[in-house]
file upload-v9.txt (compact mmCIF, C-alpha atoms and all ligand atoms)
# COMPACT_ATOMS: atom_id res chain seq x y z
CA VAL A 215 -11.69 28.25 5.19
CA VAL A 216 -13.34 26.10 2.54
CA PHE A 217 -10.72 24.74 0.18
CA ALA A 218 -12.01 24.51 -3.36
CA SER A 219 -9.10 23.69 -5.66
CA ALA A 220 -5.40 23.03 -5.62
CA GLN A 221 -2.38 22.66 -7.82
CA GLY A 222 1.10 21.56 -6.81
CA ASP A 223 1.91 23.29 -3.51
CA GLU A 224 -0.97 25.77 -3.61
CA LEU A 225 -4.45 25.48 -2.12
CA ARG A 226 -7.22 27.86 -3.16
CA ALA A 227 -10.19 28.68 -0.98
CA GLU A 228 -13.72 29.38 -2.18
CA ASP A 229 -13.33 33.04 -1.23
CA GLY A 230 -10.26 33.43 -3.47
CA ARG A 231 -7.53 33.25 -0.80
CA THR A 232 -4.52 31.10 -1.62
CA PHE A 233 -2.32 29.11 0.75
CA ILE A 234 1.10 27.51 0.52
CA ASP A 235 0.51 23.89 1.46
CA PHE A 236 2.83 22.75 4.27
CA PHE A 237 0.23 20.12 5.23
CA ALA A 238 0.21 17.95 2.09
CA GLY A 239 -2.67 15.79 3.27
CA SER A 240 -0.64 14.79 6.33
CA GLY A 241 1.81 13.07 4.03
CA ALA A 242 -0.65 11.76 1.44
CA LEU A 243 0.33 14.41 -1.12
CA ASN A 244 4.12 14.18 -1.26
CA TYR A 245 4.00 14.93 -5.00
CA GLY A 246 1.65 17.90 -4.55
CA HIS A 247 -1.92 18.35 -5.70
CA ASN A 248 -3.17 17.15 -9.08
CA ASP A 249 0.18 16.12 -10.51
CA PRO A 250 -0.38 16.52 -14.29
CA ARG A 251 1.10 13.14 -15.31
CA MET A 252 -0.83 11.23 -12.67
CA LYS A 253 -4.00 13.10 -13.60
CA ALA A 254 -3.56 12.29 -17.29
CA ALA A 255 -3.06 8.57 -16.52
CA LEU A 256 -6.12 8.60 -14.28
CA LEU A 257 -8.31 10.33 -16.85
CA ASP A 258 -7.14 7.94 -19.53
CA HIS A 259 -8.03 5.00 -17.27
CA LEU A 260 -11.50 6.42 -16.62
CA THR A 261 -12.38 7.49 -20.13
CA SER A 262 -11.36 4.11 -21.59
CA ASP A 263 -13.69 2.24 -19.19
CA GLN A 264 -10.92 0.24 -17.58
CA ILE A 265 -11.57 -1.65 -14.34
CA THR A 266 -12.21 0.59 -11.32
CA HIS A 267 -12.68 -2.15 -8.74
CA ALA A 268 -11.16 -5.60 -8.87
CA LEU A 269 -10.26 -6.78 -5.36
CA ASP A 270 -7.92 -9.75 -5.99
CA LEU A 271 -8.49 -10.06 -9.73
CA GLU A 272 -5.52 -9.46 -11.98
CA THR A 273 -5.66 -6.26 -14.03
CA PRO A 274 -3.21 -4.44 -16.31
CA ALA A 275 -3.05 -1.58 -13.77
CA LYS A 276 -2.02 -3.98 -11.01
CA ARG A 277 0.52 -5.70 -13.24
CA ARG A 278 2.07 -2.40 -14.30
CA PHE A 279 2.25 -1.20 -10.68
CA LEU A 280 3.96 -4.41 -9.53
CA GLU A 281 6.41 -4.33 -12.44
CA THR A 282 7.28 -0.70 -11.73
CA LEU A 283 7.71 -1.35 -8.02
CA GLU A 284 10.08 -4.20 -8.82
CA ARG A 285 12.03 -2.21 -11.41
CA VAL A 286 12.27 1.10 -9.53
CA LEU A 287 12.43 0.09 -5.87
CA LEU A 288 13.03 -3.58 -5.18
CA ALA A 289 15.45 -4.82 -7.88
CA PRO A 290 17.95 -1.92 -7.58
CA ARG A 291 18.14 -2.56 -3.82
CA GLY A 292 18.37 -6.33 -4.25
CA TRP A 293 15.31 -6.88 -2.03
CA ASP A 294 13.20 -10.01 -2.36
CA PHE A 295 9.95 -8.69 -0.95
CA LYS A 296 6.43 -9.84 -1.66
CA VAL A 297 3.68 -7.24 -1.91
CA GLN A 298 0.44 -7.50 0.01
CA PHE A 299 -2.50 -5.24 -0.83
CA CYS A 300 -4.40 -4.18 2.27
CA GLY A 301 -7.49 -2.17 3.08
CA PRO A 302 -6.64 1.32 1.90
CA SER A 303 -5.37 2.85 5.15
CA GLY A 304 -2.06 2.88 6.95
CA ALA A 305 -3.81 1.44 9.99
CA ASP A 306 -4.90 -1.63 8.05
CA ALA A 307 -1.41 -2.17 6.66
CA ASN A 308 -0.12 -2.14 10.24
CA GLU A 309 -2.88 -4.55 11.33
CA ALA A 310 -1.71 -6.93 8.62
CA ALA A 311 1.93 -6.55 9.64
CA LEU A 312 1.20 -7.30 13.30
CA LYS A 313 -0.95 -10.32 12.47
CA LEU A 314 1.67 -11.69 10.10
CA ALA A 315 4.49 -11.27 12.63
CA ARG A 316 2.48 -13.11 15.26
CA LYS A 317 1.51 -15.88 12.86
CA VAL A 318 5.02 -16.40 11.48
CA THR A 319 6.75 -16.55 14.85
CA GLY A 320 3.96 -18.21 16.82
CA ARG A 321 4.64 -15.54 19.48
CA ARG A 322 2.33 -12.74 20.54
CA ARG A 323 4.33 -9.99 22.22
CA VAL A 324 5.10 -6.85 20.21
CA VAL A 325 7.48 -4.07 21.19
CA ALA A 326 6.41 -0.53 20.36
CA PHE A 327 7.81 2.87 21.29
CA SER A 328 6.56 5.77 23.33
CA GLY A 329 5.37 8.58 21.08
CA ALA A 330 4.46 6.10 18.32
CA TYR A 331 1.47 6.55 16.08
CA HIS A 332 0.39 3.62 13.91
CA GLY A 333 -3.31 4.27 13.29
CA MET A 334 -6.74 4.12 14.88
CA THR A 335 -7.91 0.51 14.53
CA THR A 336 -7.54 -1.71 17.58
CA GLY A 337 -4.25 -3.42 16.71
CA ALA A 338 -2.65 -0.22 15.38
CA LEU A 339 -3.87 1.78 18.38
CA SER A 340 -2.52 -0.87 20.75
CA VAL A 341 1.01 -0.08 19.54
CA SER A 342 0.43 3.70 19.56
CA GLY A 343 1.48 5.71 22.55
CA ALA A 344 -0.94 8.61 23.05
CA LYS A 345 -3.18 7.99 26.05
CA ARG A 346 -5.67 10.53 24.68
CA LEU A 347 -6.22 8.35 21.61
CA ARG A 348 -6.02 5.01 23.42
CA ALA A 349 -8.69 6.06 25.92
CA ALA A 350 -11.52 5.71 23.40
CA GLY A 351 -10.19 2.39 22.12
CA GLY A 352 -11.78 0.09 24.68
CA PRO A 353 -9.81 -3.05 25.50
CA LEU A 354 -6.72 -2.98 23.29
CA LEU A 355 -4.44 -5.87 22.34
CA GLY A 356 -2.53 -7.36 25.24
CA GLU A 357 1.11 -8.43 25.19
CA ILE A 358 2.53 -5.12 24.01
CA THR A 359 5.72 -3.77 25.60
CA PHE A 360 6.49 -0.07 25.22
CA ALA A 361 10.06 1.18 25.34
CA PRO A 362 11.20 4.82 25.09
CA TYR A 363 12.03 6.03 21.58
CA GLU A 364 15.60 7.14 21.04
CA THR A 365 14.90 10.85 21.41
CA ASP A 366 11.80 12.76 22.38
CA SER A 367 10.76 15.56 24.71
CA TYR A 368 12.06 13.61 27.69
CA GLU A 369 15.57 12.68 28.74
CA ALA A 370 17.37 10.06 26.66
CA LEU A 371 17.35 6.43 27.78
CA ASP A 372 19.18 3.42 26.37
CA SER A 373 16.02 1.71 25.20
CA ILE A 374 17.79 -0.87 23.04
CA GLY A 375 19.96 -1.79 26.01
CA TYR A 376 16.76 -2.21 28.01
CA LEU A 377 15.19 -4.38 25.31
CA ARG A 378 18.31 -6.51 25.00
CA ARG A 379 18.29 -7.09 28.73
CA MET A 380 14.57 -7.83 28.73
CA VAL A 381 15.08 -10.66 26.27
CA THR A 382 18.20 -12.22 27.79
CA ASP A 383 17.19 -12.20 31.47
CA PRO A 384 15.17 -15.38 32.20
CA SER A 385 13.63 -13.65 35.21
CA ASN A 386 12.34 -10.65 33.35
CA GLY A 387 8.67 -11.57 33.72
CA THR A 388 8.02 -11.37 30.01
CA ASP A 389 8.32 -13.45 26.87
CA LEU A 390 10.26 -13.17 23.60
CA PRO A 391 8.52 -10.68 21.28
CA ALA A 392 7.30 -11.61 17.81
CA ALA A 393 8.13 -8.19 16.45
CA VAL A 394 9.25 -4.65 17.04
CA ILE A 395 7.25 -1.99 15.24
CA VAL A 396 9.03 1.30 14.70
CA GLU A 397 8.72 4.57 12.81
CA PRO A 398 12.26 5.40 11.65
CA VAL A 399 11.16 9.03 11.97
CA GLN A 400 8.45 9.60 14.57
CA ILE A 401 6.32 12.31 13.05
CA GLN A 402 3.06 12.52 15.01
CA GLY A 403 5.07 12.05 18.22
CA GLY A 404 6.81 15.40 17.59
CA LEU A 405 9.13 14.92 14.62
CA TYR A 406 11.99 12.91 16.04
CA PRO A 407 14.27 11.21 13.51
CA ALA A 408 15.97 8.15 14.99
CA SER A 409 19.72 8.18 14.41
CA LYS A 410 21.39 5.80 11.98
CA ARG A 411 23.22 4.26 14.91
CA TRP A 412 20.05 3.57 16.88
CA LEU A 413 18.27 2.05 13.87
CA THR A 414 21.30 -0.10 13.09
CA GLU A 415 21.48 -1.34 16.69
CA LEU A 416 17.76 -2.07 16.64
CA ARG A 417 18.16 -4.09 13.44
CA GLU A 418 21.18 -5.97 14.80
CA TRP A 419 19.45 -6.80 18.06
CA THR A 420 16.18 -7.95 16.42
CA GLU A 421 18.10 -10.08 13.94
CA GLN A 422 20.20 -11.75 16.66
CA ALA A 423 17.14 -12.40 18.83
CA GLY A 424 14.98 -13.73 15.97
CA ILE A 425 12.47 -10.89 16.31
CA LEU A 426 10.85 -9.43 13.20
CA LEU A 427 11.41 -5.75 12.51
CA ILE A 428 8.41 -3.86 11.14
CA CYS A 429 9.13 -0.38 9.80
CA ASP A 430 6.06 1.83 9.55
CA GLU A 431 6.73 4.00 6.51
CA VAL A 432 3.16 5.26 6.27
CA GLN A 433 4.01 8.92 6.85
CA ALA A 434 7.80 9.13 6.63
CA GLY A 435 8.01 6.95 3.51
CA CYS A 436 7.51 7.63 -0.20
CA GLY A 437 10.41 10.06 -0.43
CA ARG A 438 9.52 12.34 2.47
CA THR A 439 12.96 12.03 4.05
CA GLY A 440 14.95 12.29 0.80
CA THR A 441 15.25 8.57 0.08
CA PHE A 442 12.18 6.51 -0.82
CA PHE A 443 12.08 4.75 2.55
CA SER A 444 13.04 6.59 5.71
CA PHE A 445 14.96 3.57 7.12
CA GLU A 446 17.34 3.67 4.14
CA ARG A 447 19.31 6.44 5.88
CA ALA A 448 20.59 3.74 8.22
CA GLY A 449 21.26 1.14 5.53
CA ILE A 450 19.04 -1.41 7.30
CA VAL A 451 16.51 -3.78 5.75
CA PRO A 452 13.41 -4.54 7.84
CA ASP A 453 11.44 -7.79 7.58
CA ILE A 454 8.13 -6.01 7.00
CA VAL A 455 7.46 -2.51 5.66
CA THR A 456 4.08 -0.78 5.71
CA CYS A 457 3.24 1.96 3.20
CA ALA A 458 0.09 4.03 2.66
CA LYS A 459 -0.62 7.79 2.35
CA SER A 460 1.67 8.85 -0.56
CA ILE A 461 2.13 5.42 -2.11
CA SER A 462 -0.72 6.29 -4.54
CA GLY A 463 0.93 9.67 -5.12
CA TYR A 464 -2.37 11.42 -5.82
CA GLY A 465 -4.07 11.30 -2.43
CA LEU A 466 -6.10 8.22 -3.35
CA PRO A 467 -6.61 5.60 -0.62
CA PHE A 468 -4.16 2.74 -1.03
CA SER A 469 -1.83 0.73 1.18
CA ILE A 470 0.66 -2.08 0.77
CA VAL A 471 2.78 -4.26 3.00
CA LEU A 472 6.19 -5.38 1.77
CA LEU A 473 7.25 -8.63 3.40
CA LYS A 474 10.31 -10.79 3.00
CA ARG A 475 9.41 -13.72 0.79
CA GLU A 476 10.33 -16.33 3.41
CA ILE A 477 7.82 -15.00 5.94
CA ASP A 478 4.79 -15.15 3.65
CA VAL A 479 2.71 -17.65 5.60
CA TRP A 480 -0.63 -16.06 4.73
CA GLU A 481 -3.45 -18.34 3.64
CA PRO A 482 -5.43 -16.87 0.73
CA GLY A 483 -7.84 -14.22 2.00
CA GLU A 484 -6.61 -14.43 5.58
CA HIS A 485 -6.36 -10.64 5.88
CA THR A 486 -8.96 -9.44 3.47
CA GLY A 487 -10.94 -6.25 2.70
CA THR A 488 -13.18 -5.12 -0.16
CA PHE A 489 -11.16 -2.08 -1.13
CA ARG A 490 -7.73 -3.67 -1.33
CA GLY A 491 -5.73 -2.80 -4.44
CA ASN A 492 -7.65 0.38 -5.37
CA GLN A 493 -7.35 0.37 -9.17
CA LEU A 494 -7.31 4.15 -9.59
CA ALA A 495 -4.58 4.39 -6.97
CA LEU A 496 -2.59 1.70 -8.77
CA VAL A 497 -2.64 3.85 -11.91
CA THR A 498 -1.32 6.99 -10.16
CA ALA A 499 1.08 4.97 -7.99
CA GLU A 500 2.78 3.63 -11.08
CA VAL A 501 3.48 7.19 -12.26
CA ALA A 502 4.61 8.25 -8.77
CA LEU A 503 7.08 5.37 -8.53
CA SER A 504 8.45 6.06 -12.00
CA TYR A 505 9.60 9.53 -10.80
CA TRP A 506 12.17 7.80 -8.59
CA SER A 507 14.14 6.64 -11.60
CA ASP A 508 14.45 10.26 -12.80
CA SER A 509 17.68 11.67 -11.39
CA GLU A 510 16.48 15.27 -11.92
CA PHE A 511 13.45 14.56 -9.70
CA VAL A 512 15.61 12.97 -6.98
CA ARG A 513 18.02 15.94 -7.07
CA ARG A 514 15.13 18.36 -6.65
CA VAL A 515 13.89 16.53 -3.55
CA GLN A 516 17.38 16.55 -2.08
CA SER A 517 17.88 20.23 -2.81
CA ASN A 518 14.52 21.01 -1.17
CA ALA A 519 15.83 19.22 1.92
CA GLU A 520 18.75 21.67 1.96
CA VAL A 521 16.45 24.67 1.48
CA LEU A 522 14.32 23.51 4.40
CA ALA A 523 17.32 23.04 6.69
CA ASP A 524 18.64 26.52 5.72
CA GLY A 525 15.24 28.16 6.12
CA LEU A 526 14.82 26.73 9.61
CA ARG A 527 18.08 28.30 10.85
CA PRO A 528 16.72 31.83 11.48
CA ILE A 529 13.62 30.30 13.08
CA ALA A 530 15.78 28.25 15.46
CA GLU A 531 17.38 31.50 16.67
CA ILE A 532 14.09 32.86 18.02
CA PRO A 533 14.41 32.42 21.83
CA GLN A 534 10.83 31.14 22.19
CA VAL A 535 11.59 28.25 19.81
CA ARG A 536 12.93 25.29 21.80
CA ALA A 537 14.38 23.44 18.79
CA CYS A 538 14.04 22.93 15.06
CA ARG A 539 14.42 19.45 13.60
CA ALA A 540 14.45 18.41 9.96
CA VAL A 541 15.08 15.32 7.89
CA GLY A 542 14.58 15.42 4.14
CA VAL A 543 11.58 17.57 3.30
CA ILE A 544 9.94 17.52 6.70
CA GLY A 545 10.64 19.94 9.48
CA GLY A 546 9.45 20.53 13.01
CA VAL A 547 9.49 23.76 14.96
CA ASP A 548 9.28 22.73 18.61
CA PHE A 549 7.93 25.30 21.07
CA GLY A 550 8.52 22.91 23.98
CA LEU A 551 6.17 21.05 26.31
CA GLY A 552 3.81 23.41 28.10
CA ASN A 553 3.74 25.82 25.14
CA ALA A 554 0.97 24.30 23.03
CA ALA A 555 -1.06 27.54 23.23
CA ARG A 556 1.81 29.48 21.64
CA SER A 557 2.18 26.79 18.99
CA GLU A 558 -1.55 26.99 18.26
CA ALA A 559 -1.50 30.80 18.02
CA VAL A 560 1.40 30.66 15.56
CA GLN A 561 -0.45 28.10 13.46
CA ALA A 562 -3.54 30.33 13.34
CA ARG A 563 -1.49 33.42 12.41
CA ALA A 564 0.42 31.50 9.72
CA LEU A 565 -2.90 30.45 8.21
CA GLU A 566 -4.03 34.10 8.12
CA LEU A 567 -0.75 34.94 6.38
CA GLY A 568 -1.22 32.15 3.84
CA VAL A 569 0.51 28.96 5.07
CA LEU A 570 -1.38 25.82 6.07
CA TYR A 571 0.24 23.25 8.33
CA GLU A 572 -0.60 20.71 11.03
CA ARG A 573 0.78 20.45 14.56
CA CYS A 574 2.26 17.34 16.16
CA GLY A 575 3.97 16.37 19.41
CA ARG A 576 2.65 15.24 22.77
CA GLU A 577 0.54 18.39 23.21
CA GLY A 578 0.56 19.88 19.72
CA GLU A 579 3.63 21.90 20.68
CA VAL A 580 5.45 21.22 17.39
CA ALA A 581 4.69 22.90 14.04
CA LYS A 582 4.90 20.13 11.45
CA LEU A 583 6.15 21.51 8.15
CA MET A 584 5.40 19.05 5.42
CA PRO A 585 5.24 20.66 1.98
CA PRO A 586 5.09 18.55 -1.17
CA ILE A 587 8.60 17.16 -1.64
CA THR A 588 8.51 18.68 -5.12
CA ILE A 589 7.66 22.21 -3.94
CA ALA A 590 9.36 25.05 -5.86
CA PRO A 591 12.33 26.23 -3.72
CA ASP A 592 11.19 29.88 -3.74
CA ARG A 593 7.77 28.81 -2.43
CA LEU A 594 9.45 26.79 0.32
CA TRP A 595 11.49 29.88 1.30
CA ALA A 596 8.37 32.05 1.18
CA GLY A 597 6.41 29.65 3.41
CA LEU A 598 9.23 29.49 5.96
CA GLU A 599 9.52 33.28 5.99
CA ILE A 600 5.77 33.54 6.66
CA LEU A 601 6.16 31.10 9.53
CA ARG A 602 9.05 33.12 10.98
CA ARG A 603 6.94 36.27 10.77
CA ALA A 604 3.96 34.53 12.41
CA ILE A 605 6.17 33.40 15.33
CA CYS A 606 7.62 36.91 15.80
CA GLU A 607 4.17 38.51 15.76
CA VAL A 608 2.78 36.05 18.33
CA VAL A 609 5.81 36.55 20.59
CA GLU A 610 5.48 40.35 20.31
CA ARG A 611 1.81 40.14 21.26
CA GLU A 612 2.68 37.95 24.24
CA GLN A 613 5.34 40.41 25.36
CA ALA A 614 2.92 43.31 25.03
CA GLY A 615 0.49 41.40 27.25
CA GLU A 616 -2.07 41.23 24.43
CA PRO A 617 -4.18 38.16 23.81
CA ARG A 618 -2.39 35.76 21.48
C1 LIG B 701 3.28 6.52 11.02
C2 LIG B 701 1.83 6.32 10.74
N1 LIG B 701 1.33 5.07 10.71
C3 LIG B 701 0.04 4.84 10.46
C4 LIG B 701 -0.85 5.87 10.25
C5 LIG B 701 -2.28 5.59 9.99
O1 LIG B 701 -2.59 5.77 8.65
P1 LIG B 701 -4.12 5.95 8.22
O2 LIG B 701 -4.58 7.26 8.77
O3 LIG B 701 -4.10 5.90 6.72
O4 LIG B 701 -4.86 4.80 8.82
C6 LIG B 701 -0.37 7.19 10.27
C7 LIG B 701 -1.27 8.32 10.07
O5 LIG B 701 -0.98 9.47 10.31
C8 LIG B 701 1.00 7.41 10.53
O6 LIG B 701 1.51 8.65 10.59
call {"tool": "encode", "arguments": {"input": "upload-v9.txt", "output": "structure tokens", "more": "lines below"}}
Ligand SMILES: Cc1ncc(COP(=O)(O)O)c(C=O)c1O
result
Amino acid sequence: VVFASAQGDELRAEDGRTFIDFFAGSGALNYGHNDPRMKAALLDHLTSDQITHALDLETPAKRRFLETLERVLLAPRGWDFKVQFCGPSGADANEAALKLARKVTGRRRVVAFSGAYHGMTTGALSVSGAKRLRAAGGPLLGEITFAPYETDSYEALDSIGYLRRMVTDPSNGTDLPAAVIVEPVQIQGGLYPASKRWLTELREWTEQAGILLICDEVQAGCGRTGTFFSFERAGIVPDIVTCAKSISGYGLPFSIVLLKREIDVWEPGEHTGTFRGNQLALVTAEVALSYWSDSEFVRRVQSNAEVLADGLRPIAEIPQVRACRAVGVIGGVDFGLGNAARSEAVQARALELGVLYERCGREGEVAKLMPPITIAPDRLWAGLEILRRAICEVVEREQAGEPR
């Protein structure tokens, strides 16, 4: 399929077919395609010959973005965060976060979790779990400790208990970490939302031990889980937050790190990059952020979360579906380890029937349903019904002994 145009939650192919978008640029299009207000602001910026590249120079677009961020996100939450502009990927934001944590604490060890995905550059890959991805990475960063995530496809383990013990026992063979990096909802790992209790315990433990907590909000942030940040469910405040993907709102490359003011020990230009602070992205990001002070918009996102949870219920009843998980406007249909071929066949059939989505999980066994958070509720229902039909058809073919 060659995708030629798009609007909101709909993708159109060159040959005229249309698709409901449950992919949303892997989380870069939370507000859908070509949002009219963002597009108008962007066109206005371009046609009036405003600055398109500025690196660290001050511009009106940067000022307006920072003012909006403060007004809409930081001030109402009482957070005193500084904003760092990074190279325009989530991976680079995580690189910056790891470097900063090591510099601030003077320690090197970082704790990461099994199933984690933080990006493809060396530092980010070093704290990512998938062996398949790590294999091509060459020598990765040393001094990383992996602990099991709260829930995943394997049996539960008290990983915070393990970490606590690791730090208090003087004979544990390791040193005090600089930071813990965590996705409050592990998406690529298979769509596992950490519980409020687990996140709270993690925050309490890191605070007591003097370890910085980095929350990677690259994919689960920007409203995906119903609140702007996915850690807000637990009422915790991390020391460092990384955002990319939907922070620009329009699919334009852009990333930021939010860091508590007291840990800003950066020298000027110490983590640099030519495409930091993408001016076009700053323009659309300002519009995207402003939506979060519109109560009607917030209600719509929350009601879509309910529609998704309801629409997953009949799917969860299909015996070949191991489990359905959802948080906010992201859902996972888990076919179970060992069933990646079934998951792949369902994905292919859903595409034929007009729904595009990505798979996640250790083996691609989980259908990752990630529509724009602003999707029209009837379209969300329609997409979920298509998915249910695709699953039933694949299962019927399997039972008839036909090729999937
Ligand atoms: C949680 C998380 N962190 C970091 C990244 C990397 O972001 P990017 O692809 O922009 O480098 C991703 C990408 O999927 C992600 O899901």
call {"tool": "closest_residue", "arguments": {"input": "upload-v9.txt", "among": "A:Lys459, A:Arg514, A:Arg316, A:Arg603", "to": "ligand LIG 701 (chain B)", "atoms": "all atoms listed in the file"}}
result
A:Lys459
call {"tool": "residues_around", "arguments": {"input": "upload-v9.txt", "residues": "Val609 of chain A", "least_positions_apart": "3", "cutoff": "12 Å", "atoms": "only C-alpha atoms", "output": "PyMOL selection string"}}
result
chain A and resi 532-535+549+553+555-557+559-560+563+602-606+612-618
call {"tool": "residues_near_ligand", "arguments": {"input": "upload-v9.txt", "ligand": "ligand LIG 701 (chain B)", "cutoff": "6 Å", "atoms": "all atoms listed in the file", "output": "PyMOL selection string"}}
result
chain A and resi 303-305+331-333+430+432-433+459
call {"tool": "closest_residue", "arguments": {"input": "upload-v9.txt", "among": "A:Thr319, A:Thr232, A:Ser240, A:Asn308", "to": "Ile428 of chain A", "atoms": "all atoms listed in the file"}}
result
A:Asn308
call {"tool": "closest_atom_pairs", "arguments": {"input": "upload-v9.txt", "of": "segment 427-479 of chain A", "to": "segment 391-408 of chain A", "cutoff": "12 Å", "atoms": "only C-alpha atoms", "output": "CSV"}}
result
residue,atom,partner,partner_atom,distance
A:Leu427,CA,A:Val394,CA,5.1
A:Ile428,CA,A:Ile395,CA,4.7
A:Cys429,CA,A:Val396,CA,5.2
A:Asp430,CA,A:Glu397,CA,5.0
A:Glu431,CA,A:Glu397,CA,6.6
A:Val432,CA,A:Glu397,CA,8.6
A:Gln433,CA,A:Ile401,CA,7.4
A:Ala434,CA,A:Val399,CA,6.3
A:Gly435,CA,A:Val399,CA,9.3
A:Arg438,CA,A:Val399,CA,10.2
A:Thr439,CA,A:Val399,CA,8.7
A:Phe443,CA,A:Pro398,CA,9.1
A:Ser444,CA,A:Pro398,CA,6.1
A:Phe445,CA,A:Pro398,CA,5.6
A:Glu446,CA,A:Pro398,CA,9.2
A:Arg447,CA,A:Pro398,CA,9.2
A:Ala448,CA,A:Pro398,CA,9.2
A:Gly449,CA,A:Pro398,CA,11.7
A:Ile450,CA,A:Pro398,CA,10.5
A:Val451,CA,A:Pro398,CA,11.7
A:Pro452,CA,A:Ile395,CA,10.0
A:Asp453,CA,A:Ala393,CA,9.5
A:Ile454,CA,A:Ile395,CA,9.2
A:Val455,CA,A:Ile395,CA,9.6
A:Thr456,CA,A:Glu397,CA,10.0
A:Cys457,CA,A:Glu397,CA,11.4
call {"tool": "residues_around", "arguments": {"input": "upload-v9.txt", "residues": "Ser328 of chain A", "least_positions_apart": "6", "cutoff": "12 Å", "atoms": "only C-alpha atoms", "output": "ChimeraX atom specification"}}
result
/A:340-345,358-368,371,373,395-397,400,402-404,406,575-576
call {"tool": "write_last_selection", "arguments": {"input": "upload-v9.txt", "atoms": "C-alpha atoms", "output": "PDB file, keeping the file's coordinate frame"}}
result
ATOM      1  CA  SER A 340      -2.520  -0.870  20.750  1.00  0.00           C
ATOM      2  CA  VAL A 341       1.010  -0.080  19.540  1.00  0.00           C
ATOM      3  CA  SER A 342       0.430   3.700  19.560  1.00  0.00           C
ATOM      4  CA  GLY A 343       1.480   5.710  22.550  1.00  0.00           C
ATOM      5  CA  ALA A 344      -0.940   8.610  23.050  1.00  0.00           C
ATOM      6  CA  LYS A 345      -3.180   7.990  26.050  1.00  0.00           C
ATOM      7  CA  ILE A 358       2.530  -5.120  24.010  1.00  0.00           C
ATOM      8  CA  THR A 359       5.720  -3.770  25.600  1.00  0.00           C
ATOM      9  CA  PHE A 360       6.490  -0.070  25.220  1.00  0.00           C
ATOM     10  CA  ALA A 361      10.060   1.180  25.340  1.00  0.00           C
ATOM     11  CA  PRO A 362      11.200   4.820  25.090  1.00  0.00           C
ATOM     12  CA  TYR A 363      12.030   6.030  21.580  1.00  0.00           C
ATOM     13  CA  GLU A 364      15.600   7.140  21.040  1.00  0.00           C
ATOM     14  CA  THR A 365      14.900  10.850  21.410  1.00  0.00           C
ATOM     15  CA  ASP A 366      11.800  12.760  22.380  1.00  0.00           C
ATOM     16  CA  SER A 367      10.760  15.560  24.710  1.00  0.00           C
ATOM     17  CA  TYR A 368      12.060  13.610  27.690  1.00  0.00           C
ATOM     18  CA  LEU A 371      17.350   6.430  27.780  1.00  0.00           C
ATOM     19  CA  SER A 373      16.020   1.710  25.200  1.00  0.00           C
ATOM     20  CA  ILE A 395       7.250  -1.990  15.240  1.00  0.00           C
ATOM     21  CA  VAL A 396       9.030   1.300  14.700  1.00  0.00           C
ATOM     22  CA  GLU A 397       8.720   4.570  12.810  1.00  0.00           C
ATOM     23  CA  GLN A 400       8.450   9.600  14.570  1.00  0.00           C
ATOM     24  CA  GLN A 402       3.060  12.520  15.010  1.00  0.00           C
ATOM     25  CA  GLY A 403       5.070  12.050  18.220  1.00  0.00           C
ATOM     26  CA  GLY A 404       6.810  15.400  17.590  1.00  0.00           C
ATOM     27  CA  TYR A 406      11.990  12.910  16.040  1.00  0.00           C
ATOM     28  CA  GLY A 575       3.970  16.370  19.410  1.00  0.00           C
ATOM     29  CA  ARG A 576       2.650  15.240  22.770  1.00  0.00           C
TER      30      ARG A 576
END
call {"tool": "residues_around", "arguments": {"input": "upload-v9.txt", "residues": "segment 517-530 of chain A", "least_positions_apart": "4", "cutoff": "10 Å", "atoms": "only C-alpha atoms", "output": "PyMOL selection string"}}
result
chain A and resi 438-440+511-513+534-548+583+585-592+594-599+601-603+605-606
call {"tool": "closest_residue", "arguments": {"input": "upload-v9.txt", "among": "A:Leu466, A:Cys300, A:Val479, A:Leu551", "to": "Met252 of chain A", "atoms": "all atoms listed in the file"}}
result
A:Leu466
call {"tool": "atom_distance", "arguments": {"input": "upload-v9.txt", "atom1": "atom CA of Arg231 of chain A", "atom2": "atom CA of Lys253 of chain A"}}
result
24.1 Å
call {"tool": "atom_distance", "arguments": {"input": "upload-v9.txt", "atom1": "atom CA of Asp478 of chain A", "atom2": "atom CA of Thr414 of chain A"}}
result
24.3 Å
call {"tool": "build_atoms", "arguments": {"input": "upload-v9.txt", "residues": "segment 315-320 of chain A", "atoms": "N, CA and C atoms", "output": "compact mmCIF listing (two decimals), keeping the file's coordinate frame"}}
result
# COMPACT_ATOMS: atom_id res chain seq x y z
N ALA A 315 3.34 -11.03 11.74
CA ALA A 315 4.49 -11.27 12.63
C ALA A 315 4.11 -12.29 13.71
N ARG A 316 2.91 -12.18 14.23
CA ARG A 316 2.48 -13.11 15.26
C ARG A 316 2.30 -14.50 14.67
N LYS A 317 1.75 -14.56 13.47
CA LYS A 317 1.51 -15.88 12.86
C LYS A 317 2.84 -16.56 12.51
N VAL A 318 3.75 -15.81 11.94
CA VAL A 318 5.02 -16.40 11.48
C VAL A 318 5.85 -16.91 12.64
N THR A 319 5.88 -16.17 13.73
CA THR A 319 6.75 -16.55 14.85
C THR A 319 6.04 -17.45 15.85
N GLY A 320 4.72 -17.46 15.81
CA GLY A 320 3.96 -18.21 16.82
C GLY A 320 4.04 -17.54 18.19
